[in-house]
$ cat upload.tsv   # TSV, C-alpha atoms and all ligand atoms
chain	number	residue	atom	x	y	z
F	3	MET	CA	-3.34	-17.11	20.11
F	4	ILE	CA	-2.24	-18.72	16.87
F	5	THR	CA	-4.38	-21.80	17.53
F	6	ALA	CA	-7.42	-19.71	18.39
F	7	TYR	CA	-6.84	-17.65	15.26
F	8	SER	CA	-6.66	-20.72	13.03
F	9	LYS	CA	-9.89	-22.09	14.48
F	10	GLU	CA	-11.82	-18.90	13.87
F	11	THR	CA	-10.48	-18.29	10.41
F	12	THR	CA	-12.06	-19.93	7.43
F	13	LEU	CA	-10.02	-20.18	4.29
F	14	LYS	CA	-12.16	-21.86	1.68
F	15	LYS	CA	-10.12	-22.14	-1.45
F	16	GLU	CA	-13.05	-23.35	-3.54
F	17	ASN	CA	-14.96	-20.09	-3.34
F	18	LYS	CA	-12.14	-17.78	-2.20
F	19	LYS	CA	-14.21	-16.77	0.85
F	20	ILE	CA	-11.54	-15.71	3.28
F	21	MET	CA	-12.49	-14.28	6.63
F	22	ILE	CA	-10.91	-12.60	9.62
F	23	THR	CA	-13.63	-12.09	12.19
F	24	ASN	CA	-14.27	-11.21	15.86
F	25	LYS	CA	-10.77	-9.85	16.39
F	26	LYS	CA	-9.43	-6.67	17.92
F	27	ILE	CA	-7.21	-5.32	15.19
F	28	LEU	CA	-4.74	-2.46	15.04
F	29	VAL	CA	-4.18	-0.85	11.64
F	30	THR	CA	-1.29	1.62	11.66
F	31	GLY	CA	-1.55	4.15	8.87
F	32	GLY	CA	-5.29	3.45	9.01
F	33	ALA	CA	-6.25	6.82	7.51
F	34	GLY	CA	-3.95	6.36	4.53
F	35	PHE	CA	-4.86	5.11	1.07
F	36	LEU	CA	-4.48	1.37	1.76
F	37	GLY	CA	-5.03	1.55	5.52
F	38	SER	CA	-8.47	3.10	5.13
F	39	HIS	CA	-9.63	0.39	2.69
F	40	LEU	CA	-8.27	-2.21	5.08
F	41	CYS	CA	-10.12	-0.71	8.06
F	42	LYS	CA	-13.37	-0.82	6.09
F	43	LYS	CA	-12.87	-4.42	5.00
F	44	LEU	CA	-12.06	-5.53	8.56
F	45	LEU	CA	-15.13	-3.71	9.94
F	46	ASP	CA	-17.28	-5.38	7.26
F	47	MET	CA	-15.96	-8.74	8.49
F	48	ASN	CA	-17.13	-7.88	12.00
F	49	ASN	CA	-13.92	-6.95	13.75
F	50	GLU	CA	-13.13	-4.19	16.21
F	51	VAL	CA	-10.67	-1.90	14.47
F	52	ILE	CA	-8.25	0.60	15.98
F	53	CYS	CA	-7.05	3.00	13.32
F	54	LEU	CA	-3.78	4.59	14.39
F	55	ASP	CA	-2.41	7.46	12.32
F	56	ASN	CA	-0.27	10.55	12.83
F	57	PHE	CA	-2.07	12.19	9.86
F	58	TYR	CA	1.25	13.14	8.26
F	59	THR	CA	-0.02	11.73	4.96
F	60	GLY	CA	-3.18	10.00	6.22
F	61	ARG	CA	-6.38	11.96	5.57
F	62	ALA	CA	-9.47	12.25	7.78
F	63	GLU	CA	-11.76	12.16	4.73
F	64	ASN	CA	-10.59	8.61	3.98
F	65	ILE	CA	-12.19	7.39	7.21
F	66	ASN	CA	-15.09	9.79	7.68
F	67	LYS	CA	-17.61	7.15	6.59
F	68	LEU	CA	-16.29	4.75	9.24
F	69	VAL	CA	-16.31	6.94	12.33
F	70	ASN	CA	-19.96	6.28	13.18
F	71	ASN	CA	-19.31	2.56	13.45
F	72	ASP	CA	-19.08	1.60	17.16
F	73	ASN	CA	-16.40	-0.95	16.33
F	74	PHE	CA	-14.12	1.72	14.87
F	75	HIS	CA	-11.71	3.75	17.00
F	76	VAL	CA	-9.24	6.38	15.86
F	77	ILE	CA	-6.08	7.24	17.76
F	78	LYS	CA	-3.77	10.03	16.66
F	79	HIS	CA	-0.33	8.65	17.35
F	80	ASP	CA	3.07	8.41	15.73
F	81	ILE	CA	4.43	4.84	15.69
F	82	THR	CA	7.99	6.07	16.20
F	83	HIS	CA	6.83	6.27	19.85
F	84	PRO	CA	5.80	3.08	21.66
F	85	ILE	CA	2.13	2.48	22.46
F	86	ASP	CA	0.36	-0.16	24.56
F	87	LEU	CA	-2.97	-1.46	23.27
F	88	ASP	CA	-4.88	-4.70	23.81
F	89	ILE	CA	-5.06	-6.23	20.37
F	90	ASP	CA	-5.07	-9.66	18.67
F	91	MET	CA	-3.61	-8.58	15.36
F	92	ILE	CA	-1.57	-5.75	13.83
F	93	PHE	CA	-1.39	-4.50	10.25
F	94	ASN	CA	1.67	-2.21	10.17
F	95	PHE	CA	0.96	0.10	7.24
F	96	ALA	CA	2.13	3.46	8.61
F	97	CYS	CA	4.73	5.16	6.39
F	98	PRO	CA	4.69	7.93	3.80
F	99	ALA	CA	4.70	5.95	0.54
F	100	SER	CA	4.79	8.24	-2.50
F	101	PRO	CA	8.27	9.40	-3.59
F	102	PRO	CA	7.58	13.16	-3.05
F	103	HIS	CA	6.10	12.46	0.40
F	104	TYR	CA	8.75	10.06	1.64
F	105	GLN	CA	11.55	12.28	0.28
F	106	LYS	CA	10.17	15.41	1.97
F	107	ASP	CA	11.50	14.38	5.38
F	108	PRO	CA	13.71	11.38	4.61
F	109	ILE	CA	15.05	10.97	8.14
F	110	PHE	CA	11.50	10.76	9.47
F	111	THR	CA	10.71	8.18	6.76
F	112	THR	CA	13.58	5.95	7.88
F	113	LYS	CA	12.58	6.44	11.52
F	114	THR	CA	8.99	5.45	10.73
F	115	SER	CA	10.09	2.26	9.00
F	116	PHE	CA	12.71	1.29	11.55
F	117	LEU	CA	11.54	2.61	14.93
F	118	GLY	CA	7.87	2.30	14.00
F	119	THR	CA	8.23	-1.34	12.98
F	120	LEU	CA	10.36	-2.03	16.06
F	121	ASN	CA	7.61	-0.60	18.30
F	122	MET	CA	4.92	-2.62	16.52
F	123	LEU	CA	6.95	-5.83	16.72
F	124	GLU	CA	7.51	-5.26	20.46
F	125	LEU	CA	3.74	-4.79	20.85
F	126	ALA	CA	3.03	-7.97	18.83
F	127	LYS	CA	5.49	-9.88	21.01
F	128	LYS	CA	3.96	-8.57	24.23
F	129	LYS	CA	0.36	-9.31	23.16
F	130	ASN	CA	1.13	-12.54	21.31
F	131	ALA	CA	-0.46	-10.97	18.24
F	132	ARG	CA	-0.03	-11.79	14.59
F	133	ILE	CA	1.62	-8.88	12.74
F	134	MET	CA	1.68	-8.03	9.06
F	135	GLN	CA	4.51	-5.84	7.83
F	136	ALA	CA	3.61	-3.84	4.73
F	137	SER	CA	6.79	-3.97	2.70
F	138	THR	CA	7.20	-2.88	-0.87
F	139	SER	CA	8.47	-3.66	-4.35
F	140	GLU	CA	10.96	-0.84	-3.62
F	141	VAL	CA	13.08	-3.40	-1.76
F	142	TYR	CA	14.06	-4.62	-5.26
F	143	GLY	CA	15.33	-1.11	-6.19
F	144	ASP	CA	16.04	-0.76	-9.92
F	145	PRO	CA	15.77	-4.50	-10.55
F	146	LYS	CA	18.25	-6.46	-12.62
F	147	GLU	CA	15.96	-9.50	-12.53
F	148	HIS	CA	12.64	-9.29	-14.35
F	149	PRO	CA	9.92	-10.00	-13.35
F	150	GLN	CA	10.80	-9.84	-9.67
F	151	LYS	CA	10.51	-13.00	-7.58
F	152	GLU	CA	10.68	-12.91	-3.78
F	153	SER	CA	14.06	-14.68	-3.94
F	154	TYR	CA	15.60	-11.72	-5.83
F	155	GLN	CA	17.67	-9.68	-3.39
F	156	GLY	CA	17.42	-6.38	-5.22
F	157	ASN	CA	19.50	-3.54	-6.57
F	158	VAL	CA	19.04	-0.61	-4.19
F	159	ASN	CA	21.25	2.47	-4.09
F	160	PRO	CA	21.83	2.75	-0.32
F	161	THR	CA	22.85	6.42	-0.48
F	162	GLY	CA	20.34	7.72	-3.05
F	163	ILE	CA	17.23	9.84	-2.56
F	164	ARG	CA	14.94	6.78	-2.51
F	165	ALA	CA	17.06	4.97	0.09
F	166	CYS	CA	15.17	6.41	3.08
F	167	TYR	CA	12.16	4.40	1.94
F	168	ASP	CA	13.83	1.42	0.23
F	169	GLU	CA	16.41	0.77	2.93
F	170	GLY	CA	13.93	1.67	5.68
F	171	LYS	CA	11.55	-1.00	4.40
F	172	ARG	CA	14.41	-3.49	3.98
F	173	ALA	CA	15.43	-2.88	7.61
F	174	ALA	CA	11.78	-3.35	8.64
F	175	GLU	CA	11.70	-6.74	6.88
F	176	SER	CA	14.94	-7.73	8.54
F	177	LEU	CA	13.61	-6.71	11.98
F	178	SER	CA	10.41	-8.68	11.39
F	179	PHE	CA	12.33	-11.83	10.52
F	180	ASP	CA	14.61	-11.43	13.57
F	181	PHE	CA	11.61	-11.07	15.88
F	182	HIS	CA	10.22	-14.22	14.27
F	183	ARG	CA	13.45	-16.20	14.63
F	184	LYS	CA	14.45	-14.90	18.07
F	185	HIS	CA	11.07	-14.50	19.77
F	186	GLY	CA	8.70	-16.62	17.68
F	187	VAL	CA	6.58	-13.60	16.72
F	188	ASP	CA	3.86	-14.59	14.24
F	189	ILE	CA	4.86	-12.41	11.26
F	190	LYS	CA	3.48	-11.96	7.76
F	191	VAL	CA	5.55	-9.92	5.30
F	192	ILE	CA	4.01	-8.67	2.06
F	193	ARG	CA	5.72	-6.74	-0.74
F	194	ILE	CA	3.18	-4.40	-2.27
F	195	PHE	CA	3.61	-3.31	-5.90
F	196	ASN	CA	2.08	-0.13	-7.41
F	197	THR	CA	-1.55	0.11	-6.33
F	198	TYR	CA	-4.19	2.68	-7.26
F	199	GLY	CA	-7.84	3.46	-6.59
F	200	PRO	CA	-10.13	5.71	-4.57
F	201	HIS	CA	-8.64	7.29	-1.39
F	202	MET	CA	-5.35	8.06	-3.11
F	203	ASP	CA	-4.14	11.51	-2.20
F	204	PRO	CA	-4.64	13.64	-5.34
F	205	LYS	CA	-1.58	15.66	-4.37
F	206	ASP	CA	0.84	12.87	-3.48
F	207	GLY	CA	2.63	13.12	-6.84
F	208	ARG	CA	2.13	9.51	-7.85
F	209	VAL	CA	1.77	8.64	-11.49
F	210	VAL	CA	-1.84	7.40	-11.46
F	211	SER	CA	-3.18	10.29	-9.36
F	212	ASN	CA	-1.21	12.87	-11.37
F	213	PHE	CA	-2.22	11.50	-14.77
F	214	ILE	CA	-5.92	11.13	-13.88
F	215	THR	CA	-6.24	14.60	-12.34
F	216	GLN	CA	-4.33	16.14	-15.27
F	217	ALA	CA	-6.47	14.27	-17.81
F	218	LEU	CA	-9.70	15.31	-16.09
F	219	ALA	CA	-8.58	18.95	-16.17
F	220	ASN	CA	-7.41	18.62	-19.82
F	221	GLU	CA	-3.98	19.76	-18.65
F	222	PRO	CA	-0.62	18.43	-19.91
F	223	ILE	CA	0.28	14.94	-18.68
F	224	THR	CA	3.60	15.21	-16.83
F	225	MET	CA	5.66	12.34	-18.24
F	226	TYR	CA	8.99	11.95	-16.44
F	227	GLY	CA	11.70	10.67	-18.80
F	228	ASP	CA	10.70	9.08	-22.11
F	229	GLY	CA	7.74	7.17	-20.64
F	230	LYS	CA	9.28	3.81	-21.54
F	231	GLN	CA	9.80	2.86	-17.87
F	232	THR	CA	7.32	0.22	-16.76
F	233	ARG	CA	5.12	-0.41	-13.73
F	234	SER	CA	2.40	-2.99	-13.06
F	235	PHE	CA	-0.72	-1.44	-11.57
F	236	CYS	CA	-3.00	-3.24	-9.13
F	237	TYR	CA	-6.49	-2.01	-8.31
F	238	VAL	CA	-6.93	-1.50	-4.57
F	239	ASP	CA	-9.76	-4.06	-4.07
F	240	ASP	CA	-7.60	-6.82	-5.52
F	241	LEU	CA	-4.74	-5.86	-3.24
F	242	ILE	CA	-6.93	-5.80	-0.13
F	243	ASN	CA	-8.17	-9.32	-0.95
F	244	GLY	CA	-4.54	-10.46	-1.20
F	245	ILE	CA	-3.72	-8.85	2.14
F	246	ILE	CA	-6.62	-10.62	3.85
F	247	ALA	CA	-5.68	-13.92	2.22
F	248	MET	CA	-2.11	-13.58	3.49
F	249	MET	CA	-3.17	-12.57	7.01
F	250	SER	CA	-5.54	-15.57	7.11
F	251	SER	CA	-2.98	-18.08	5.89
F	252	SER	CA	-1.20	-20.70	7.95
F	253	SER	CA	1.40	-19.39	10.44
F	254	ASP	CA	4.17	-21.40	8.78
F	255	PHE	CA	3.95	-19.17	5.69
F	256	VAL	CA	5.55	-15.91	6.81
F	257	GLY	CA	6.49	-14.52	3.40
F	258	PRO	CA	7.79	-12.31	2.00
F	259	VAL	CA	5.16	-12.57	-0.68
F	260	ASN	CA	4.66	-10.26	-3.66
F	261	LEU	CA	1.19	-8.74	-3.97
F	262	GLY	CA	0.49	-6.85	-7.16
F	263	ASN	CA	-0.92	-7.09	-10.65
F	264	PRO	CA	1.54	-8.83	-12.99
F	265	THR	CA	0.35	-7.05	-16.16
F	266	GLU	CA	3.15	-4.66	-17.08
F	267	PHE	CA	2.62	-1.32	-18.85
F	268	ASN	CA	4.97	1.43	-19.82
F	269	LEU	CA	3.93	4.92	-18.79
F	270	LEU	CA	3.06	6.00	-22.31
F	271	GLU	CA	0.53	3.14	-22.42
F	272	LEU	CA	-0.80	4.18	-19.01
F	273	ALA	CA	-1.22	7.79	-20.15
F	274	GLN	CA	-2.99	6.63	-23.32
F	275	GLN	CA	-5.38	4.47	-21.32
F	276	ILE	CA	-6.19	7.31	-18.93
F	277	ILE	CA	-6.69	9.85	-21.75
F	278	GLU	CA	-9.05	7.42	-23.51
F	279	SER	CA	-11.01	6.47	-20.38
F	280	THR	CA	-11.55	10.07	-19.33
F	281	GLY	CA	-12.20	11.39	-22.86
F	282	SER	CA	-9.47	13.95	-22.26
F	283	SER	CA	-7.81	16.33	-24.71
F	284	SER	CA	-4.57	16.40	-22.67
F	285	GLU	CA	-1.25	16.24	-24.46
F	286	ILE	CA	1.90	14.67	-23.08
F	287	SER	CA	4.61	16.92	-21.72
F	288	PHE	CA	8.02	15.30	-21.23
F	289	LEU	CA	9.97	16.29	-18.09
F	290	PRO	CA	13.29	15.12	-16.58
F	291	LEU	CA	13.35	11.67	-14.97
F	292	PRO	CA	13.87	11.79	-11.17
F	293	LYS	CA	17.09	10.22	-9.84
F	294	ASP	CA	17.16	6.46	-9.16
F	295	ASP	CA	13.74	6.00	-10.78
F	296	PRO	CA	13.40	2.24	-11.41
F	297	THR	CA	13.27	1.41	-15.13
F	298	ARG	CA	11.12	-1.72	-14.87
F	299	ARG	CA	8.83	-3.28	-12.32
F	300	GLN	CA	6.64	-6.35	-12.56
F	301	PRO	CA	5.79	-8.80	-9.82
F	302	ASP	CA	6.12	-12.53	-10.22
F	303	ILE	CA	3.08	-13.63	-8.21
F	304	SER	CA	3.45	-17.41	-8.51
F	305	LEU	CA	4.08	-17.69	-4.77
F	306	ALA	CA	0.87	-15.79	-3.90
F	307	LYS	CA	-1.05	-17.95	-6.39
F	308	GLU	CA	0.34	-21.14	-4.93
F	309	LYS	CA	0.14	-20.31	-1.22
F	310	LEU	CA	-2.86	-17.98	-1.09
F	311	ASN	CA	-4.82	-18.96	-4.16
F	312	TRP	CA	-4.85	-15.24	-4.95
F	313	GLU	CA	-4.46	-13.23	-8.11
F	314	PRO	CA	-5.87	-9.89	-9.27
F	315	THR	CA	-9.09	-9.85	-11.28
F	316	ILE	CA	-9.46	-6.17	-12.22
F	317	ASP	CA	-7.68	-4.97	-15.37
F	318	LEU	CA	-6.27	-1.48	-15.85
F	319	LYS	CA	-9.14	-0.21	-18.01
F	320	THR	CA	-11.76	-1.30	-15.46
F	321	GLY	CA	-9.70	-0.01	-12.54
F	322	ILE	CA	-9.26	3.42	-14.11
F	323	ALA	CA	-12.99	3.60	-14.81
F	324	LEU	CA	-13.57	2.86	-11.10
F	325	THR	CA	-10.98	5.42	-9.96
F	326	ALA	CA	-11.59	8.44	-12.19
F	327	PRO	CA	-15.00	9.36	-10.63
F	328	TYR	CA	-13.32	9.59	-7.20
F	329	PHE	CA	-10.82	12.17	-8.46
F	330	LYS	CA	-13.55	13.96	-10.41
F	331	ALA	CA	-15.62	14.38	-7.21
F	332	LEU	CA	-12.59	15.65	-5.26
F	333	MET	CA	-11.74	18.17	-7.98
F	334	LYS	CA	-15.34	19.39	-8.06
F	335	LYS	CA	-15.30	19.86	-4.29
F	336	GLU	CA	-12.02	21.77	-4.46
F	337	LYS	CA	-13.30	24.01	-7.25
F	338	ALA	CA	-16.43	24.82	-5.24
F	339	ALA	CA	-14.30	25.64	-2.18
F	340	GLN	CA	-12.07	27.93	-4.29
F	341	ALA	CA	-15.13	29.72	-5.73
F	342	ILE	CA	-16.46	30.38	-2.22
F	343	GLN	CA	-13.03	31.57	-1.08
F	344	ALA	CA	-12.82	33.98	-4.05
F	345	GLN	CA	-16.10	35.63	-3.00
F	346	MET	CA	-14.96	36.24	0.56
T	1	LIG	N1	5.84	9.58	-12.99
T	1	LIG	C1	5.59	10.35	-14.12
T	1	LIG	N2	4.82	11.46	-13.98
T	1	LIG	C2	4.26	11.83	-12.80
T	1	LIG	C3	4.51	11.04	-11.66
T	1	LIG	C4	5.31	9.92	-11.78
T	1	LIG	O1	6.06	10.06	-15.24
T	1	LIG	O2	3.56	12.85	-12.77
T	1	LIG	C5	6.67	8.36	-13.14
T	1	LIG	C6	7.80	8.18	-12.13
T	1	LIG	O3	8.96	8.86	-12.55
T	1	LIG	C7	7.94	6.67	-12.15
T	1	LIG	C8	6.53	6.16	-12.37
T	1	LIG	O4	5.82	7.25	-12.92
T	1	LIG	O5	8.73	6.27	-13.24
T	1	LIG	C9	5.83	5.69	-11.11
T	1	LIG	O6	5.93	6.71	-10.16
T	1	LIG	P1	5.16	6.69	-8.77
T	1	LIG	O7	5.63	7.88	-8.00
T	1	LIG	O8	3.71	6.54	-8.97
T	1	LIG	O9	5.63	5.35	-8.05
T	1	LIG	P2	7.01	4.54	-7.94
T	1	LIG	O10	6.69	3.26	-8.61
T	1	LIG	O11	8.11	5.26	-8.67
T	1	LIG	O12	7.27	4.45	-6.50

$ encode --input "upload.tsv" --output "structure tokens" --more "lines below"
Ligand code: UDP
Amino acid sequence: MITAYSKETTLKKENKKIMITNKKILVTGGAGFLGSHLCKKLLDMNNEVICLDNFYTGRAENINKLVNNDNFHVIKHDITHPIDLDIDMIFNFACPASPPHYQKDPIFTTKTSFLGTLNMLELAKKKNARIMQASTSEVYGDPKEHPQKESYQGNVNPTGIRACYDEGKRAAESLSFDFHRKHGVDIKVIRIFNTYGPHMDPKDGRVVSNFITQALANEPITMYGDGKQTRSFCYVDDLINGIIAMMSSSSDFVGPVNLGNPTEFNLLELAQQIIESTGSSSEISFLPLPKDDPTRRQPDISLAKEKLNWEPTIDLKTGIALTAPYFKALMKKEKAAQAIQAQM
């Protein structure tokens, strides 16, 4: 399987044309923000794609443009239960990912990361399939090393409110590496940093979705804490290119590899950029900082540059200009639905 995969995959560093083609691919969490972009990209590269989602946070509207494609199949399934499918490749992306969503049912979040990843690794082992585990910058917790390199082992509070996600994802990485060492499973582990773009859930409570929807409505921007905490925001198209580059890379590079945009902003700068881009009259309203909220986050992406010849190309200003119209359209649709409801 690995040999066949290498033959059919072309990784041309000169022009960055990276392809995965003619495969049968399972994307768990395929109706989510990242999963849906991934499904589209894989279909565009001529693959058969099985989108598996329990629709806990995944949304049908993220995939409604794909369902007419004969190569696209949707299965409603929860990965905490085993499933048997004939596939060549797995992208394991299923897990609630925004803090309010993953904290809503924290035990389920841990189960999804641990049992879900276990089930997907068992499937990869059985089918001799390459598997990508979508890990996260959250494995670094509130980092004491800055920027974060893959070698940094993190500063996670194992009993805090973020632990269900952070420790769940750490356990999923550990499981992936043990399947690799014990059973030779062909794994790829990526650590995804803050990503934004169309298909984000406007109600998932994340900073980019909240700030853009608030700015568009000229409502107060909900700044948690003093706004001096930092994040580094990657536009979704850049991230998807990094994911494909990693999944196409040689089997001896298993990761973990950081994927994210290394340009760091504090949240006051983010708010300013969003207010400017949307021409908003919103003011900033300061609210309490949630517990265990990381103070700084910035990926060191030298490993991705070296091994995958990948780095983001879309800056924050451009990315926000590409994202705001998506939220604007959703808000317009919701307003129209409310107006109809009010007349009934
Ligand atoms: N945040 C904020 N206002 C919001 C939502 C989030 O100030 O309306 C802050 C949050 O406290 C954190 C940062 O924005 O410091 C990023 O939060 P997000 O939930 O997007 O992702 P995280 O990186 O924390 O997982």

$ residues_near_ligand --input "upload.tsv" --ligand "ligand LIG 1 (chain T)" --cutoff "6 Å" --atoms "all atoms listed in the file" --output "list of chain:residue names"
F:Ser100, F:Pro101, F:Asn196, F:Gly207, F:Arg208, F:Val209, F:Asn212, F:Thr224, F:Met225, F:Tyr226, F:Gln231, F:Leu291, F:Pro292, F:Asp295

$ atom_distance --input "upload.tsv" --atom1 "CA of Asp317 in chain F" --atom2 "CA of Gln300 in chain F"
14.7 Å

$ atom_distance --input "upload.tsv" --atom1 "CA of Asn130 in chain F" --atom2 "CA of His182 in chain F"
11.6 Å

$ closest_residue --input "upload.tsv" --among "F:Asn263, F:Ser139, F:Gln105, F:Ser178" --to "Met122 in chain F" --atoms "all atoms listed in the file"
F:Ser178

$ residues_around --input "upload.tsv" --residues "Ser287 in chain F" --least-positions-apart "3" --cutoff "12 Å" --atoms "only C-alpha atoms" --output "ChimeraX atom specification"
/F:213,216,221-229,270,273,284,290

$ residues_around --input "upload.tsv" --residues "Gly186 in chain F" --least-positions-apart "2" --cutoff "12 Å" --atoms "all atoms listed in the file" --output "ChimeraX atom specification"
/F:4,123-124,126-128,130-133,178-184,188-189,253-254,256

$ write_last_selection --input "upload.tsv" --atoms "C-alpha atoms" --output "compact mmCIF listing (two decimals), in the coordinates of the input"
# COMPACT_ATOMS: atom_id res chain seq x y z
CA ILE F 4 -2.24 -18.72 16.87
CA LEU F 123 6.95 -5.83 16.72
CA GLU F 124 7.51 -5.26 20.46
CA ALA F 126 3.03 -7.97 18.83
CA LYS F 127 5.49 -9.88 21.01
CA LYS F 128 3.96 -8.57 24.23
CA ASN F 130 1.13 -12.54 21.31
CA ALA F 131 -0.46 -10.97 18.24
CA ARG F 132 -0.03 -11.79 14.59
CA ILE F 133 1.62 -8.88 12.74
CA SER F 178 10.41 -8.68 11.39
CA PHE F 179 12.33 -11.83 10.52
CA ASP F 180 14.61 -11.43 13.57
CA PHE F 181 11.61 -11.07 15.88
CA HIS F 182 10.22 -14.22 14.27
CA ARG F 183 13.45 -16.20 14.63
CA LYS F 184 14.45 -14.90 18.07
CA ASP F 188 3.86 -14.59 14.24
CA ILE F 189 4.86 -12.41 11.26
CA SER F 253 1.40 -19.39 10.44
CA ASP F 254 4.17 -21.40 8.78
CA VAL F 256 5.55 -15.91 6.81

$ residues_around --input "upload.tsv" --residues "range 24-32 of chain F" --least-positions-apart "2" --cutoff "6 Å" --atoms "all atoms listed in the file" --output "PyMOL selection string"
chain F and resi 34+37-38+48-55+89-96

$ atom_distance --input "upload.tsv" --atom1 "CA of Glu308 in chain F" --atom2 "CA of Tyr237 in chain F"
20.6 Å

$ residues_around --input "upload.tsv" --residues "Ile277 in chain F" --least-positions-apart "3" --cutoff "12 Å" --atoms "all atoms listed in the file" --output "PyMOL selection string"
chain F and resi 210+213-223+270-274+280-286+319+322-323+326

$ closest_residue --input "upload.tsv" --among "F:Asp80, F:Asp168, F:Asp294, F:Asp240" --to "Tyr142 in chain F" --atoms "all atoms listed in the file"
F:Asp168

$ residues_around --input "upload.tsv" --residues "Asn121 in chain F" --least-positions-apart "5" --cutoff "8 Å" --atoms "only C-alpha atoms" --output "PyMOL selection string"
chain F and resi 81-85
